[in-house]
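Asks: To start, I am sharing the structure in question, which I have written as structure tokens.
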Amino acid sequence: YLGRNEGGNYYDGKIDDVGIWKRVLTATEISDLVNKTGYVDSLGSDADGTNTSITLDTTNEKLGDGCYSFNGSSSYISFPTKFTMQTAGSFSCWIKPASIGSTGNDIIFDNSDVSSSNNGFSIRHSDPSGGKTLVMFGVWGASDGSVLTGTIWEGDVWQHLCVTYDGTTGKIYRNGSVVASGALTALGTITVGVDDTGHDVKYFGASAGAYALW
């Protein structure tokens, strides 16, 4: 999902120009993404998502002609194919949280599956403090693990987020710079804006722009 997980955790804010790759992007490629104006969908119908309660914002986008706005209570995008980052992969997007909530656990992207002991991965906000929040990249399976940034992600500000995983190390980039790195052991449906079944129900309240998967 984009914007939720299986339990909810809906995102409150805006997301623009989402991309997923089945390989690790280089530092140069990530730097280029910070200034890029759009992406080409290379997975065909597999990457066609279904929008639920999504609003297209054509005046406050970061790049291109618009971004998706998530209301924090019911907005998300789901996909027919479960994309994974088990051996190698990258996730990139621009985010603009509408606000930093009391829990701050809004889901940005999640493909964990409750029916298989939550196997999968998740990218989410966590532990807000002083009007800012952390970002966590977690891998769930036989051996759970996560990488966590400092409290540096601001509300109502466009920031570029990129997560990479090479099978052993997870990294989180903010505006092209590495802000967290750590060892991870990786082991359904993808959603944007909330998770997949019913755990941790907190919808993303924000906006998101075009999304693409590679």
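We label chains A, B, ... in the order they appear in the structure tokens, count residues from 1 in each chain, and number ligands from 1 in the order shown.
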Env of Lys14 (chain A): 12 Å cut, atoms = only C-alpha atoms, seq-sep filter 3 positions within chain, self excluded. Answer as a compact mmCIF listing (two decimals) with N, CA, C and O atoms, in the first residue's frame.
Replies:
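Final output, saved to around32.txt:
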# COMPACT_ATOMS: atom_id res chain seq x y z
N LEU A 2 0.35 2.30 -0.55
CA LEU A 2 0.94 3.62 -0.40
C LEU A 2 -0.03 4.42 0.46
O LEU A 2 -1.19 4.61 0.12
N GLY A 3 0.45 4.84 1.63
CA GLY A 3 -0.37 5.67 2.50
C GLY A 3 -1.10 4.95 3.61
O GLY A 3 -1.86 5.57 4.34
N TYR A 10 -3.12 5.53 8.47
CA TYR A 10 -3.25 6.32 7.24
C TYR A 10 -2.37 7.57 7.27
O TYR A 10 -2.23 8.24 8.28
N TYR A 11 -1.80 7.86 6.11
CA TYR A 11 -0.89 9.00 5.98
C TYR A 11 -1.68 10.30 5.86
O TYR A 11 -2.71 10.35 5.20
N ASP A 17 5.72 11.86 -6.88
CA ASP A 17 6.75 11.17 -7.68
C ASP A 17 7.37 9.97 -6.95
O ASP A 17 8.54 9.99 -6.59
N VAL A 18 6.57 8.94 -6.76
CA VAL A 18 7.01 7.72 -6.10
C VAL A 18 7.64 6.77 -7.11
O VAL A 18 7.13 6.60 -8.21
N ILE A 54 -8.66 9.39 -2.60
CA ILE A 54 -7.49 10.22 -2.94
C ILE A 54 -7.94 11.50 -3.64
O ILE A 54 -8.82 11.47 -4.51
N THR A 55 -7.33 12.61 -3.28
CA THR A 55 -7.58 13.89 -3.95
C THR A 55 -6.33 14.29 -4.73
O THR A 55 -5.22 14.24 -4.20
N LEU A 56 -6.52 14.68 -6.01
CA LEU A 56 -5.40 15.17 -6.81
C LEU A 56 -5.26 16.67 -6.60
O LEU A 56 -6.15 17.45 -6.89
N ASP A 57 -4.12 17.06 -6.07
CA ASP A 57 -3.82 18.47 -5.80
C ASP A 57 -2.95 19.00 -6.94
O ASP A 57 -1.81 18.57 -7.11
N THR A 58 -3.48 19.93 -7.71
CA THR A 58 -2.75 20.46 -8.87
C THR A 58 -2.14 21.83 -8.60
O THR A 58 -1.66 22.48 -9.52
N THR A 59 -2.15 22.27 -7.35
CA THR A 59 -1.61 23.59 -7.03
C THR A 59 -0.45 23.53 -6.04
O THR A 59 0.33 24.48 -5.93
N ASN A 60 -0.31 22.43 -5.30
CA ASN A 60 0.73 22.34 -4.27
C ASN A 60 1.71 21.21 -4.51
O ASN A 60 2.37 20.74 -3.59
N GLU A 61 1.81 20.75 -5.77
CA GLU A 61 2.70 19.64 -6.07
C GLU A 61 4.17 20.06 -5.97
O GLU A 61 4.50 21.25 -6.07
N LYS A 62 5.04 19.06 -5.80
CA LYS A 62 6.48 19.33 -5.79
C LYS A 62 7.02 19.32 -7.21
O LYS A 62 7.80 20.19 -7.60
N LEU A 63 6.61 18.30 -8.00
CA LEU A 63 7.07 18.14 -9.37
C LEU A 63 5.89 17.80 -10.26
O LEU A 63 4.87 17.29 -9.81
N GLY A 66 0.82 17.60 -10.62
CA GLY A 66 -0.04 17.40 -9.46
C GLY A 66 0.55 16.38 -8.51
O GLY A 66 1.49 15.66 -8.83
N CYS A 67 -0.01 16.32 -7.31
CA CYS A 67 0.41 15.34 -6.32
C CYS A 67 -0.84 14.76 -5.66
O CYS A 67 -1.92 15.34 -5.72
N TYR A 68 -0.69 13.60 -5.04
CA TYR A 68 -1.82 12.98 -4.36
C TYR A 68 -1.89 13.46 -2.92
O TYR A 68 -0.89 13.50 -2.21
N SER A 69 -3.11 13.81 -2.50
CA SER A 69 -3.33 14.28 -1.15
C SER A 69 -4.03 13.20 -0.33
O SER A 69 -5.08 12.69 -0.73
N PHE A 70 -3.44 12.84 0.81
CA PHE A 70 -3.97 11.82 1.71
C PHE A 70 -4.59 12.49 2.92
O PHE A 70 -3.98 13.37 3.52
N ASN A 71 -5.79 12.04 3.32
CA ASN A 71 -6.54 12.75 4.37
C ASN A 71 -6.26 12.28 5.79
O ASN A 71 -6.80 12.82 6.74
N GLY A 72 -5.46 11.23 5.97
CA GLY A 72 -5.12 10.77 7.30
C GLY A 72 -6.14 9.85 7.93
O GLY A 72 -5.95 9.40 9.07
N SER A 75 -7.59 7.58 3.04
CA SER A 75 -6.95 7.65 1.72
C SER A 75 -5.79 6.67 1.60
O SER A 75 -4.96 6.57 2.51
N TYR A 76 -5.72 5.97 0.47
CA TYR A 76 -4.59 5.10 0.19
C TYR A 76 -4.65 4.64 -1.27
O TYR A 76 -5.65 4.83 -1.95
N CYS A 93 10.52 8.90 -3.08
CA CYS A 93 9.35 9.78 -3.23
C CYS A 93 9.64 11.13 -2.58
O CYS A 93 10.61 11.28 -1.83
N TRP A 94 8.79 12.08 -2.88
CA TRP A 94 8.77 13.35 -2.15
C TRP A 94 7.61 13.27 -1.16
O TRP A 94 6.53 12.78 -1.51
N ILE A 95 7.82 13.71 0.08
CA ILE A 95 6.75 13.70 1.07
C ILE A 95 6.59 15.10 1.68
O ILE A 95 7.55 15.85 1.82
N LYS A 96 5.35 15.41 2.03
CA LYS A 96 5.04 16.66 2.72
C LYS A 96 3.96 16.37 3.76
O LYS A 96 2.77 16.50 3.49
N PRO A 97 4.37 15.93 4.95
CA PRO A 97 3.38 15.62 5.99
C PRO A 97 2.54 16.85 6.31
O PRO A 97 3.07 17.96 6.44
N ALA A 98 1.22 16.65 6.42
CA ALA A 98 0.35 17.78 6.73
C ALA A 98 0.60 18.28 8.14
O ALA A 98 0.53 19.47 8.42
N SER A 99 0.88 17.35 9.04
CA SER A 99 1.16 17.70 10.42
C SER A 99 1.89 16.54 11.07
O SER A 99 1.88 15.43 10.57
N ASP A 106 2.43 7.37 10.90
CA ASP A 106 1.81 7.32 9.58
C ASP A 106 2.62 6.47 8.62
O ASP A 106 3.84 6.59 8.53
N ILE A 108 4.00 5.45 5.06
CA ILE A 108 4.29 6.00 3.74
C ILE A 108 4.11 4.89 2.71
O ILE A 108 3.39 5.06 1.71
N GLY A 155 6.98 18.82 9.33
CA GLY A 155 5.63 18.91 8.82
C GLY A 155 5.49 20.09 7.87
O GLY A 155 6.17 21.11 8.03
N ASP A 156 4.63 19.95 6.85
CA ASP A 156 4.31 21.01 5.90
C ASP A 156 5.52 21.49 5.11
O ASP A 156 5.60 22.66 4.73
N VAL A 157 6.49 20.59 4.88
CA VAL A 157 7.69 20.90 4.10
C VAL A 157 7.95 19.74 3.15
O VAL A 157 7.93 18.58 3.56
N TRP A 158 8.20 20.04 1.86
CA TRP A 158 8.55 19.00 0.91
C TRP A 158 9.96 18.51 1.20
O TRP A 158 10.90 19.30 1.30
N GLN A 159 10.13 17.18 1.34
CA GLN A 159 11.43 16.56 1.57
C GLN A 159 11.53 15.31 0.72
O GLN A 159 10.55 14.56 0.60
N HIS A 160 12.71 15.08 0.15
CA HIS A 160 12.88 13.88 -0.66
C HIS A 160 13.32 12.72 0.22
O HIS A 160 14.25 12.84 1.03
N VAL A 192 -0.45 2.49 -0.60
CA VAL A 192 0.12 3.81 -0.41
C VAL A 192 -0.82 4.54 0.53
O VAL A 192 -1.98 4.73 0.22
N GLY A 193 -0.37 4.90 1.71
CA GLY A 193 -1.20 5.68 2.62
C GLY A 193 -1.75 4.92 3.80
O GLY A 193 -2.32 5.53 4.70
N PHE A 204 -2.27 8.01 6.42
CA PHE A 204 -1.41 9.13 6.07
C PHE A 204 -2.28 10.33 5.71
O PHE A 204 -3.20 10.21 4.91
N GLY A 205 -2.02 11.48 6.30
CA GLY A 205 -2.76 12.68 5.97
C GLY A 205 -1.81 13.63 5.31
O GLY A 205 -1.08 14.34 5.96
N ALA A 206 -1.78 13.65 4.00
CA ALA A 206 -0.85 14.46 3.24
C ALA A 206 -1.20 14.35 1.77
O ALA A 206 -2.29 13.93 1.42
N SER A 207 -0.25 14.71 0.91
CA SER A 207 -0.47 14.60 -0.52
C SER A 207 0.63 13.79 -1.16
O SER A 207 1.73 13.69 -0.66
N ALA A 208 0.32 13.18 -2.31
CA ALA A 208 1.31 12.41 -3.06
C ALA A 208 1.12 12.69 -4.53
O ALA A 208 0.01 12.90 -4.99
N GLY A 209 2.21 12.67 -5.28
CA GLY A 209 2.10 12.92 -6.72
C GLY A 209 2.11 11.64 -7.50
O GLY A 209 1.69 10.59 -7.03
N ALA A 210 2.62 11.68 -8.72
CA ALA A 210 2.68 10.50 -9.56
C ALA A 210 3.48 9.41 -8.89
O ALA A 210 4.43 9.68 -8.16
Asks: Quick one: contact table of region 49-150 of chain A to region 161-182 of chain A, 7 Å max, nearest atom pair and distance in Å to one decimal per residue, counting only C-alpha atoms, chain and number order, as CSV?
Replies:
residue,atom,partner,partner_atom,distance
A:Met85,CA,A:Tyr165,CA,6.9
A:Gln86,CA,A:Gly167,CA,6.5
A:Thr87,CA,A:Gly167,CA,4.5
A:Ala88,CA,A:Asp166,CA,4.3
A:Gly89,CA,A:Tyr165,CA,5.4
A:Ser90,CA,A:Thr164,CA,4.3
A:Phe91,CA,A:Val163,CA,5.1
A:Ser92,CA,A:Cys162,CA,4.3
A:Cys93,CA,A:Leu161,CA,5.5
A:Trp94,CA,A:Leu161,CA,5.9
A:Val147,CA,A:Gly182,CA,5.8
A:Leu148,CA,A:Ala180,CA,6.2
A:Thr149,CA,A:Ala180,CA,5.1
Asks: Restricting the output to N, CA and C atoms, write the selected residues as a PDB file, in the first residue's frame.
Replies:
ATOM      1  N   MET A  85      11.394  -6.091  -1.488  1.00  0.00           N
ATOM      2  CA  MET A  85      12.778  -5.655  -1.482  1.00  0.00           C
ATOM      3  C   MET A  85      13.588  -6.693  -0.705  1.00  0.00           C
ATOM      4  N   GLN A  86      13.279  -7.974  -0.903  1.00  0.00           N
ATOM      5  CA  GLN A  86      13.907  -9.031  -0.120  1.00  0.00           C
ATOM      6  C   GLN A  86      15.411  -9.135  -0.350  1.00  0.00           C
ATOM      7  N   THR A  87      15.842  -9.047  -1.601  1.00  0.00           N
ATOM      8  CA  THR A  87      17.266  -9.192  -1.896  1.00  0.00           C
ATOM      9  C   THR A  87      17.922  -7.867  -2.255  1.00  0.00           C
ATOM     10  N   ALA A  88      17.202  -7.020  -2.956  1.00  0.00           N
ATOM     11  CA  ALA A  88      17.730  -5.705  -3.312  1.00  0.00           C
ATOM     12  C   ALA A  88      16.587  -4.851  -3.824  1.00  0.00           C
ATOM     13  N   GLY A  89      16.632  -3.574  -3.500  1.00  0.00           N
ATOM     14  CA  GLY A  89      15.587  -2.691  -3.997  1.00  0.00           C
ATOM     15  C   GLY A  89      15.753  -1.276  -3.488  1.00  0.00           C
ATOM     16  N   SER A  90      14.971  -0.370  -4.077  1.00  0.00           N
ATOM     17  CA  SER A  90      15.010   1.038  -3.691  1.00  0.00           C
ATOM     18  C   SER A  90      13.608   1.621  -3.773  1.00  0.00           C
ATOM     19  N   PHE A  91      13.328   2.561  -2.898  1.00  0.00           N
ATOM     20  CA  PHE A  91      12.051   3.276  -2.873  1.00  0.00           C
ATOM     21  C   PHE A  91      12.357   4.760  -2.795  1.00  0.00           C
ATOM     22  N   SER A  92      11.663   5.550  -3.599  1.00  0.00           N
ATOM     23  CA  SER A  92      11.917   6.989  -3.635  1.00  0.00           C
ATOM     24  C   SER A  92      10.615   7.755  -3.758  1.00  0.00           C
ATOM     25  N   CYS A  93      10.524   8.898  -3.077  1.00  0.00           N
ATOM     26  CA  CYS A  93       9.351   9.777  -3.235  1.00  0.00           C
ATOM     27  C   CYS A  93       9.639  11.126  -2.576  1.00  0.00           C
ATOM     28  N   TRP A  94       8.793  12.084  -2.878  1.00  0.00           N
ATOM     29  CA  TRP A  94       8.765  13.345  -2.148  1.00  0.00           C
ATOM     30  C   TRP A  94       7.609  13.266  -1.162  1.00  0.00           C
ATOM     31  N   VAL A 147      15.731   0.247  10.476  1.00  0.00           N
ATOM     32  CA  VAL A 147      16.685   1.350  10.462  1.00  0.00           C
ATOM     33  C   VAL A 147      15.890   2.610  10.752  1.00  0.00           C
ATOM     34  N   LEU A 148      16.394   3.457  11.623  1.00  0.00           N
ATOM     35  CA  LEU A 148      15.641   4.616  12.091  1.00  0.00           C
ATOM     36  C   LEU A 148      16.488   5.878  11.966  1.00  0.00           C
ATOM     37  N   THR A 149      15.894   6.936  11.436  1.00  0.00           N
ATOM     38  CA  THR A 149      16.601   8.217  11.331  1.00  0.00           C
ATOM     39  C   THR A 149      16.454   9.002  12.634  1.00  0.00           C
TER      40      THR A 149
END
Asks: Give me the residues within 10 Å of Gly130 (chain A) as a list in words, counting only C-alpha atoms and dropping any in the same chain fewer than 5 places off.
Replies: Ile100, Thr151, Ile152 and Glu154 of chain A
Asks: Any chance you can output those residues with N, CA, C and O atoms as a tab-separated table (two decimals), in the first residue's frame?
Replies:
chain	number	residue	atom	x	y	z
A	100	ILE	N	2.51	16.80	12.19
A	100	ILE	CA	3.17	15.74	12.94
A	100	ILE	C	2.24	15.38	14.09
A	100	ILE	O	2.09	16.13	15.05
A	151	THR	N	15.22	12.67	14.51
A	151	THR	CA	13.99	13.45	14.43
A	151	THR	C	14.24	14.68	13.56
A	151	THR	O	14.46	15.78	14.05
A	152	ILE	N	14.20	14.47	12.23
A	152	ILE	CA	14.61	15.53	11.30
A	152	ILE	C	13.57	15.82	10.22
A	152	ILE	O	13.72	16.77	9.47
A	154	GLU	N	10.20	17.23	8.82
A	154	GLU	CA	9.33	18.32	9.25
A	154	GLU	C	7.95	18.24	8.64
A	154	GLU	O	7.75	17.69	7.56
